[in-house]
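Below: structure_3.txt (compact mmCIF, N, CA and C atoms)
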```txt
# COMPACT_ATOMS: atom_id res chain seq x y z
N MET A 11 35.38 13.10 31.33
CA MET A 11 35.47 12.38 30.07
C MET A 11 35.72 10.90 30.38
N ASN A 12 34.94 10.02 29.77
CA ASN A 12 35.13 8.60 30.03
C ASN A 12 36.32 8.04 29.24
N THR A 13 36.71 6.81 29.58
CA THR A 13 37.90 6.19 28.99
C THR A 13 37.76 6.02 27.48
N ARG A 14 36.59 5.60 27.03
CA ARG A 14 36.38 5.39 25.59
C ARG A 14 36.53 6.70 24.82
N GLN A 15 35.95 7.78 25.34
CA GLN A 15 36.05 9.09 24.68
C GLN A 15 37.49 9.58 24.69
N LYS A 16 38.18 9.38 25.80
CA LYS A 16 39.59 9.79 25.87
C LYS A 16 40.42 9.03 24.85
N GLY A 17 40.16 7.73 24.71
CA GLY A 17 40.86 6.92 23.71
C GLY A 17 40.59 7.41 22.29
N ALA A 18 39.33 7.72 22.00
CA ALA A 18 38.97 8.23 20.68
C ALA A 18 39.65 9.57 20.41
N ASP A 19 39.73 10.42 21.42
CA ASP A 19 40.40 11.72 21.28
C ASP A 19 41.89 11.54 20.98
N LYS A 20 42.53 10.61 21.67
CA LYS A 20 43.97 10.36 21.47
C LYS A 20 44.22 9.73 20.10
N GLU A 21 43.31 8.85 19.65
CA GLU A 21 43.45 8.29 18.30
C GLU A 21 43.31 9.37 17.25
N GLN A 22 42.39 10.31 17.45
CA GLN A 22 42.24 11.42 16.51
C GLN A 22 43.49 12.29 16.50
N LEU A 23 44.07 12.51 17.66
CA LEU A 23 45.32 13.24 17.76
C LEU A 23 46.41 12.53 16.95
N ALA A 24 46.46 11.20 17.06
CA ALA A 24 47.44 10.41 16.31
C ALA A 24 47.19 10.50 14.81
N VAL A 25 45.93 10.43 14.39
CA VAL A 25 45.59 10.54 12.97
C VAL A 25 46.03 11.89 12.44
N ASP A 26 45.74 12.96 13.17
CA ASP A 26 46.13 14.30 12.75
C ASP A 26 47.66 14.40 12.62
N TYR A 27 48.36 13.86 13.60
CA TYR A 27 49.83 13.88 13.60
C TYR A 27 50.38 13.11 12.39
N LEU A 28 49.88 11.89 12.18
CA LEU A 28 50.38 11.06 11.08
C LEU A 28 50.08 11.67 9.72
N THR A 29 48.89 12.25 9.58
CA THR A 29 48.52 12.90 8.33
C THR A 29 49.48 14.04 8.02
N LYS A 30 49.82 14.82 9.03
CA LYS A 30 50.77 15.93 8.84
C LYS A 30 52.15 15.43 8.45
N GLN A 31 52.47 14.20 8.85
CA GLN A 31 53.77 13.61 8.52
C GLN A 31 53.75 12.91 7.16
N GLY A 32 52.61 12.94 6.46
CA GLY A 32 52.53 12.39 5.11
C GLY A 32 51.88 11.02 5.00
N MET A 33 51.33 10.50 6.07
CA MET A 33 50.65 9.21 5.98
C MET A 33 49.24 9.41 5.43
N ARG A 34 48.85 8.52 4.51
CA ARG A 34 47.48 8.53 3.98
C ARG A 34 46.68 7.47 4.74
N ILE A 35 45.76 7.91 5.55
CA ILE A 35 44.96 7.01 6.38
C ILE A 35 43.88 6.36 5.53
N VAL A 36 43.78 5.03 5.61
CA VAL A 36 42.76 4.32 4.83
C VAL A 36 41.72 3.63 5.72
N GLU A 37 42.04 3.44 6.99
CA GLU A 37 41.11 2.72 7.87
C GLU A 37 41.40 3.09 9.31
N ARG A 38 40.33 3.14 10.10
CA ARG A 38 40.46 3.36 11.54
C ARG A 38 39.65 2.31 12.26
N ASN A 39 40.18 1.82 13.37
CA ASN A 39 39.49 0.85 14.22
C ASN A 39 39.01 -0.36 13.43
N PHE A 40 39.92 -0.93 12.64
CA PHE A 40 39.61 -2.14 11.87
C PHE A 40 39.51 -3.32 12.83
N ARG A 41 38.40 -4.03 12.76
CA ARG A 41 38.15 -5.15 13.67
C ARG A 41 38.12 -6.48 12.94
N GLY A 42 38.75 -7.45 13.56
CA GLY A 42 38.66 -8.85 13.15
C GLY A 42 38.35 -9.64 14.41
N LYS A 43 38.11 -10.92 14.25
CA LYS A 43 37.78 -11.71 15.45
C LYS A 43 38.96 -11.80 16.41
N GLN A 44 40.18 -11.54 15.91
CA GLN A 44 41.37 -11.60 16.75
C GLN A 44 41.62 -10.32 17.52
N GLY A 45 40.96 -9.22 17.11
CA GLY A 45 41.19 -7.95 17.80
C GLY A 45 40.98 -6.77 16.88
N GLU A 46 41.66 -5.68 17.18
CA GLU A 46 41.48 -4.42 16.46
C GLU A 46 42.82 -3.76 16.18
N ILE A 47 42.89 -3.07 15.05
CA ILE A 47 44.04 -2.22 14.74
C ILE A 47 43.51 -0.80 14.70
N ASP A 48 44.19 0.10 15.42
CA ASP A 48 43.72 1.47 15.58
C ASP A 48 43.71 2.24 14.27
N ILE A 49 44.83 2.21 13.55
CA ILE A 49 44.97 3.01 12.33
C ILE A 49 45.70 2.18 11.29
N ILE A 50 45.22 2.27 10.04
CA ILE A 50 45.90 1.64 8.91
C ILE A 50 46.08 2.73 7.85
N GLY A 51 47.29 2.81 7.33
CA GLY A 51 47.55 3.83 6.32
C GLY A 51 48.73 3.47 5.45
N TYR A 52 49.03 4.35 4.52
CA TYR A 52 50.18 4.18 3.64
C TYR A 52 51.16 5.30 3.91
N HIS A 53 52.43 4.91 4.04
CA HIS A 53 53.50 5.88 4.28
C HIS A 53 54.77 5.38 3.61
N ASN A 54 55.32 6.19 2.71
CA ASN A 54 56.56 5.83 2.01
C ASN A 54 56.50 4.43 1.42
N GLN A 55 55.43 4.13 0.70
CA GLN A 55 55.22 2.87 -0.01
C GLN A 55 54.96 1.68 0.90
N TYR A 56 54.80 1.89 2.18
CA TYR A 56 54.49 0.82 3.12
C TYR A 56 53.02 0.87 3.50
N LEU A 57 52.42 -0.28 3.65
CA LEU A 57 51.13 -0.40 4.31
C LEU A 57 51.46 -0.47 5.80
N VAL A 58 50.95 0.49 6.56
CA VAL A 58 51.36 0.63 7.95
C VAL A 58 50.19 0.35 8.89
N PHE A 59 50.43 -0.53 9.84
CA PHE A 59 49.46 -0.84 10.89
C PHE A 59 49.96 -0.14 12.15
N VAL A 60 49.11 0.73 12.70
CA VAL A 60 49.53 1.60 13.80
C VAL A 60 48.73 1.30 15.06
N GLU A 61 49.43 1.07 16.14
CA GLU A 61 48.82 0.93 17.46
C GLU A 61 49.03 2.25 18.20
N VAL A 62 47.96 2.78 18.78
CA VAL A 62 48.04 4.02 19.55
C VAL A 62 47.91 3.67 21.03
N LYS A 63 48.87 4.12 21.82
CA LYS A 63 48.83 3.91 23.27
C LYS A 63 49.00 5.24 23.98
N TYR A 64 48.19 5.43 24.99
CA TYR A 64 48.21 6.67 25.76
C TYR A 64 48.37 6.36 27.24
N ARG A 65 49.21 7.13 27.88
CA ARG A 65 49.34 7.12 29.34
C ARG A 65 49.42 8.56 29.79
N SER A 66 48.63 8.92 30.78
CA SER A 66 48.66 10.29 31.28
C SER A 66 49.92 10.55 32.10
N SER A 67 50.47 9.47 32.68
CA SER A 67 51.72 9.57 33.43
C SER A 67 52.41 8.22 33.35
N GLU A 68 53.54 8.09 34.01
CA GLU A 68 54.26 6.81 33.98
C GLU A 68 53.94 5.93 35.18
N VAL A 69 52.90 6.26 35.92
CA VAL A 69 52.51 5.47 37.09
C VAL A 69 52.22 4.02 36.69
N LYS A 70 51.54 3.83 35.55
CA LYS A 70 51.23 2.48 35.07
C LYS A 70 52.21 2.02 34.00
N GLY A 71 53.37 2.68 33.92
CA GLY A 71 54.36 2.33 32.92
C GLY A 71 54.26 3.23 31.70
N SER A 72 55.18 3.05 30.79
CA SER A 72 55.20 3.89 29.61
C SER A 72 54.19 3.41 28.59
N ALA A 73 53.75 4.33 27.74
CA ALA A 73 52.81 3.99 26.67
C ALA A 73 53.44 2.97 25.72
N LEU A 74 54.70 3.14 25.42
CA LEU A 74 55.38 2.22 24.50
C LEU A 74 55.47 0.81 25.06
N ALA A 75 55.74 0.68 26.34
CA ALA A 75 55.86 -0.64 26.97
C ALA A 75 54.54 -1.40 26.97
N ALA A 76 53.43 -0.69 26.80
CA ALA A 76 52.12 -1.33 26.79
C ALA A 76 51.90 -2.18 25.54
N VAL A 77 52.73 -1.98 24.52
CA VAL A 77 52.62 -2.79 23.30
C VAL A 77 53.58 -3.97 23.46
N ASP A 78 53.15 -4.92 24.29
CA ASP A 78 53.99 -6.08 24.63
C ASP A 78 53.87 -7.17 23.56
N ALA A 79 54.55 -8.29 23.77
CA ALA A 79 54.58 -9.38 22.80
C ALA A 79 53.19 -9.92 22.51
N ARG A 80 52.34 -10.03 23.51
CA ARG A 80 50.98 -10.51 23.30
C ARG A 80 50.22 -9.57 22.37
N LYS A 81 50.33 -8.26 22.62
CA LYS A 81 49.64 -7.27 21.79
C LYS A 81 50.20 -7.28 20.37
N GLN A 82 51.51 -7.44 20.24
CA GLN A 82 52.13 -7.51 18.92
C GLN A 82 51.61 -8.70 18.11
N ARG A 83 51.50 -9.86 18.74
CA ARG A 83 50.96 -11.05 18.07
C ARG A 83 49.54 -10.79 17.60
N GLN A 84 48.75 -10.18 18.46
CA GLN A 84 47.36 -9.88 18.14
C GLN A 84 47.28 -8.93 16.93
N ILE A 85 48.07 -7.89 16.93
CA ILE A 85 48.09 -6.93 15.83
C ILE A 85 48.48 -7.64 14.53
N CYS A 86 49.47 -8.50 14.58
CA CYS A 86 49.92 -9.22 13.38
C CYS A 86 48.82 -10.13 12.83
N LYS A 87 48.08 -10.79 13.69
CA LYS A 87 46.98 -11.64 13.24
C LYS A 87 45.90 -10.82 12.56
N VAL A 88 45.55 -9.70 13.14
CA VAL A 88 44.54 -8.83 12.53
C VAL A 88 45.06 -8.26 11.21
N ALA A 89 46.33 -7.90 11.17
CA ALA A 89 46.93 -7.39 9.93
C ALA A 89 46.89 -8.45 8.83
N ASP A 90 47.17 -9.70 9.18
CA ASP A 90 47.09 -10.79 8.20
C ASP A 90 45.67 -10.90 7.66
N TYR A 91 44.68 -10.79 8.53
CA TYR A 91 43.28 -10.85 8.12
C TYR A 91 42.94 -9.67 7.20
N TYR A 92 43.40 -8.48 7.53
CA TYR A 92 43.16 -7.30 6.70
C TYR A 92 43.75 -7.52 5.30
N ARG A 93 44.99 -8.00 5.25
CA ARG A 93 45.64 -8.24 3.97
C ARG A 93 44.90 -9.30 3.17
N TYR A 94 44.41 -10.32 3.83
CA TYR A 94 43.63 -11.37 3.17
C TYR A 94 42.34 -10.78 2.58
N LEU A 95 41.61 -10.01 3.39
CA LEU A 95 40.34 -9.41 2.93
C LEU A 95 40.52 -8.50 1.72
N HIS A 96 41.62 -7.77 1.71
CA HIS A 96 41.86 -6.80 0.64
C HIS A 96 42.74 -7.35 -0.47
N ARG A 97 42.98 -8.66 -0.42
CA ARG A 97 43.77 -9.36 -1.44
C ARG A 97 45.13 -8.70 -1.68
N LEU A 98 45.79 -8.36 -0.59
CA LEU A 98 47.12 -7.77 -0.66
C LEU A 98 48.14 -8.89 -0.50
N GLY A 99 48.91 -9.12 -1.53
CA GLY A 99 49.82 -10.25 -1.57
C GLY A 99 51.06 -10.07 -0.71
N GLU A 100 51.91 -11.08 -0.79
CA GLU A 100 53.14 -11.10 -0.01
C GLU A 100 54.12 -10.01 -0.44
N ASN A 101 53.92 -9.45 -1.64
CA ASN A 101 54.82 -8.40 -2.12
C ASN A 101 54.49 -7.04 -1.52
N THR A 102 53.38 -6.95 -0.80
CA THR A 102 53.01 -5.70 -0.15
C THR A 102 53.98 -5.44 1.00
N MET A 103 54.63 -4.30 0.96
CA MET A 103 55.56 -3.95 2.03
C MET A 103 54.74 -3.48 3.24
N VAL A 104 54.98 -4.14 4.39
CA VAL A 104 54.20 -3.88 5.59
C VAL A 104 55.11 -3.39 6.70
N ARG A 105 54.56 -2.50 7.50
CA ARG A 105 55.31 -1.97 8.65
C ARG A 105 54.37 -1.88 9.84
N TYR A 106 54.91 -2.08 11.03
CA TYR A 106 54.15 -1.97 12.27
C TYR A 106 54.73 -0.82 13.09
N ASP A 107 53.90 0.19 13.29
CA ASP A 107 54.32 1.39 14.01
C ASP A 107 53.52 1.54 15.30
N VAL A 108 54.07 2.32 16.21
CA VAL A 108 53.37 2.65 17.45
C VAL A 108 53.40 4.17 17.61
N ILE A 109 52.24 4.72 17.95
CA ILE A 109 52.18 6.11 18.41
C ILE A 109 52.02 6.02 19.92
N ALA A 110 53.04 6.46 20.63
CA ALA A 110 53.02 6.46 22.09
C ALA A 110 52.79 7.89 22.56
N ILE A 111 51.68 8.08 23.26
CA ILE A 111 51.36 9.41 23.79
C ILE A 111 51.50 9.34 25.30
N GLN A 112 52.47 10.05 25.80
CA GLN A 112 52.77 10.07 27.23
C GLN A 112 52.52 11.49 27.72
N GLY A 113 51.40 11.69 28.43
CA GLY A 113 51.02 13.04 28.81
C GLY A 113 50.71 13.84 27.55
N GLU A 114 51.50 14.88 27.29
CA GLU A 114 51.31 15.71 26.10
C GLU A 114 52.33 15.40 25.00
N CYS A 115 53.23 14.47 25.25
CA CYS A 115 54.31 14.14 24.32
C CYS A 115 53.87 13.02 23.37
N ILE A 116 54.04 13.25 22.06
CA ILE A 116 53.72 12.23 21.05
C ILE A 116 55.02 11.70 20.49
N GLN A 117 55.15 10.38 20.49
CA GLN A 117 56.33 9.74 19.92
C GLN A 117 55.86 8.74 18.87
N TRP A 118 56.40 8.84 17.65
CA TRP A 118 56.06 7.93 16.55
C TRP A 118 57.23 6.98 16.36
N ILE A 119 57.01 5.72 16.66
CA ILE A 119 58.05 4.71 16.50
C ILE A 119 57.72 3.91 15.25
N GLN A 120 58.51 4.14 14.20
CA GLN A 120 58.34 3.40 12.96
C GLN A 120 59.09 2.08 13.08
N ASN A 121 58.53 1.03 12.46
CA ASN A 121 59.12 -0.31 12.58
C ASN A 121 59.29 -0.68 14.05
N ALA A 122 58.26 -0.48 14.83
CA ALA A 122 58.32 -0.74 16.27
C ALA A 122 58.56 -2.20 16.58
N PHE A 123 58.07 -3.08 15.70
CA PHE A 123 58.29 -4.53 15.88
C PHE A 123 58.16 -5.22 14.54
N TRP A 124 58.72 -6.43 14.48
CA TRP A 124 58.65 -7.26 13.28
C TRP A 124 57.37 -8.07 13.28
N HIS A 125 56.99 -8.55 12.11
CA HIS A 125 55.81 -9.39 12.00
C HIS A 125 56.03 -10.69 12.78
N ILE A 126 55.03 -11.09 13.52
CA ILE A 126 55.07 -12.34 14.25
C ILE A 126 54.12 -13.30 13.54
N TYR A 127 54.66 -14.38 13.03
CA TYR A 127 53.85 -15.34 12.29
C TYR A 127 53.11 -16.25 13.25
N SER A 128 51.82 -16.43 12.96
CA SER A 128 51.02 -17.29 13.83
C SER A 128 51.24 -18.75 13.46
N ARG A 129 50.98 -19.59 14.40
CA ARG A 129 51.19 -21.05 14.22
C ARG A 129 49.87 -21.76 13.97
N GLY A 130 49.02 -21.17 13.22
CA GLY A 130 47.79 -21.90 12.91
C GLY A 130 46.59 -21.20 13.18
```

Now that the file is in, can you turn its structure into structure tokens?
Amino acid sequence: MNTRQKGADKEQLAVDYLTKQGMRIVERNFRGKQGEIDIIGYHNQYLVFVEVKYRSSEVKGSALAAVDARKQRQICKVADYYRYLHRLGENTMVRYDVIAIQGECIQWIQNAFWHIYSRG
């Protein structure tokens, strides 16, 4: 199985998991010029932007650690673009979550990081 197919399989696993937990998925693999957000959905009145990270082992570090400050900034920029496109105002409650898949273990980190405002 190639890397792209493995990533798609893990994202589907994350979608299935989140749906079972009550999240309503509205978008997958949303792309903007700044990057991509894996999953967008609604959960407990929040618009949630979800990054999915997979590691088969900890040789290259943990899946959660892969969502570093650079990746967080990128996700926030794409989220801002998504909100702009869909005319979602500042009153929209937003959350940034991470699904970390380490081997066979799935961990859902809600409010994994705060919004990072871009400087222009």

| remark: Counting only N, CA and C atoms, closest pick from A:His125, A:His53, A:His96, A:Lys81 relative to A:Arg34 is A:His53

| task | Please run DSSP on the backbone and report, as an NGL selection string, all residues within chain A that come out as alpha helix (DSSP H). | result | :A and (13-30 or 79-95)

Per-residue nearest contacts of stretch 56-88 of chain A to stretch 12-22 of chain A (12 Å; only C-alpha atoms) as a tab-separated table:
```
residue	atom	partner	partner_atom	distance
A:Val60	CA	A:Glu21	CA	10.1
A:Glu61	CA	A:Glu21	CA	9.1
A:Val62	CA	A:Glu21	CA	6.4
A:Lys63	CA	A:Lys20	CA	8.3
A:Tyr64	CA	A:Lys20	CA	7.1
A:Arg65	CA	A:Lys20	CA	10.1
A:Ser66	CA	A:Lys16	CA	10.6
```

Provide an axis-aligned box for all listed atoms of stretch 108-118 of chain A, padding each side by 8 Å; report its centre and its edge lengths in Å to one decimal, as lines of an AutoDock Vina configuration file.
```
center_x = 54.0
center_y = 9.0
center_z = 22.5
size_x = 22.5
size_y = 29.4
size_z = 28.6
```

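With distances restricted to all atoms listed in the file, A:Ala89 is the closest residue to A:Glu46 from A:Ile109, A:Leu28, A:Ala89, A:Ala76.
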
| request: Mind listing whatever residues come within 8 Å of the point (50.9, 0.9, 4.5)? Use only N, CA and C atoms, file coordinates, and give them as a VMD selection string. | output: chain A and resid 34 50 to 59 102 to 105

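What separates atom CA of A:Glu100 from atom CA of A:Arg83 is a distance of 18.2 Å.
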
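Candidate residues A:Leu98, A:Ile49, A:Gln112, A:Ser128 were compared for distance to A:Cys86, and the nearest is A:Ser128, using only C-alpha atoms.
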
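Reported to one decimal place, the separation of atom C of A:Gln84 from atom CA of A:Lys30 is 26.4 Å.
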
Pull stretch 43-80 of chain A out of the block and emit C-alpha atoms, as a PDB file, in the first residue's frame.
```pdb
ATOM      1  CA  LYS A  43      -3.502  28.027  -1.308  1.00  0.00           C
ATOM      2  CA  GLN A  44      -2.049  27.898   2.223  1.00  0.00           C
ATOM      3  CA  GLY A  45      -2.571  24.153   2.615  1.00  0.00           C
ATOM      4  CA  GLU A  46      -5.180  21.553   3.499  1.00  0.00           C
ATOM      5  CA  ILE A  47      -7.409  20.625   6.419  1.00  0.00           C
ATOM      6  CA  ASP A  48      -8.146  16.915   6.680  1.00  0.00           C
ATOM      7  CA  ILE A  49     -11.619  17.021   8.240  1.00  0.00           C
ATOM      8  CA  ILE A  50     -14.116  19.788   9.003  1.00  0.00           C
ATOM      9  CA  GLY A  51     -17.212  19.099  11.043  1.00  0.00           C
ATOM     10  CA  TYR A  52     -19.573  20.244  13.752  1.00  0.00           C
ATOM     11  CA  HIS A  53     -19.390  18.912  17.291  1.00  0.00           C
ATOM     12  CA  ASN A  54     -21.170  20.314  20.354  1.00  0.00           C
ATOM     13  CA  GLN A  55     -21.951  23.623  18.591  1.00  0.00           C
ATOM     14  CA  TYR A  56     -18.333  24.091  17.472  1.00  0.00           C
ATOM     15  CA  LEU A  57     -17.042  24.238  13.934  1.00  0.00           C
ATOM     16  CA  VAL A  58     -14.119  21.851  14.250  1.00  0.00           C
ATOM     17  CA  PHE A  59     -11.009  21.716  12.077  1.00  0.00           C
ATOM     18  CA  VAL A  60      -9.322  18.335  12.481  1.00  0.00           C
ATOM     19  CA  GLU A  61      -5.779  17.337  11.585  1.00  0.00           C
ATOM     20  CA  VAL A  62      -5.176  13.592  11.272  1.00  0.00           C
ATOM     21  CA  LYS A  63      -1.670  12.284  11.955  1.00  0.00           C
ATOM     22  CA  TYR A  64      -0.549   8.689  11.739  1.00  0.00           C
ATOM     23  CA  ARG A  65       2.631   6.977  12.849  1.00  0.00           C
ATOM     24  CA  SER A  66       3.075   3.227  12.650  1.00  0.00           C
ATOM     25  CA  SER A  67       5.583   3.423  15.508  1.00  0.00           C
ATOM     26  CA  GLU A  68       7.411   6.041  17.557  1.00  0.00           C
ATOM     27  CA  VAL A  69      10.632   5.740  15.538  1.00  0.00           C
ATOM     28  CA  LYS A  70       9.872   9.084  13.834  1.00  0.00           C
ATOM     29  CA  GLY A  71       8.241  10.536  16.946  1.00  0.00           C
ATOM     30  CA  SER A  72       4.666  10.596  18.104  1.00  0.00           C
ATOM     31  CA  ALA A  73       1.744  11.377  15.822  1.00  0.00           C
ATOM     32  CA  LEU A  74       0.690  14.212  18.123  1.00  0.00           C
ATOM     33  CA  ALA A  75       4.131  15.855  18.074  1.00  0.00           C
ATOM     34  CA  ALA A  76       3.924  16.027  14.276  1.00  0.00           C
ATOM     35  CA  VAL A  77       1.369  18.842  14.612  1.00  0.00           C
ATOM     36  CA  ASP A  78       4.006  21.452  15.394  1.00  0.00           C
ATOM     37  CA  ALA A  79       3.709  25.260  15.484  1.00  0.00           C
ATOM     38  CA  ARG A  80       4.310  25.579  11.736  1.00  0.00           C
TER      39      ARG A  80
END
```
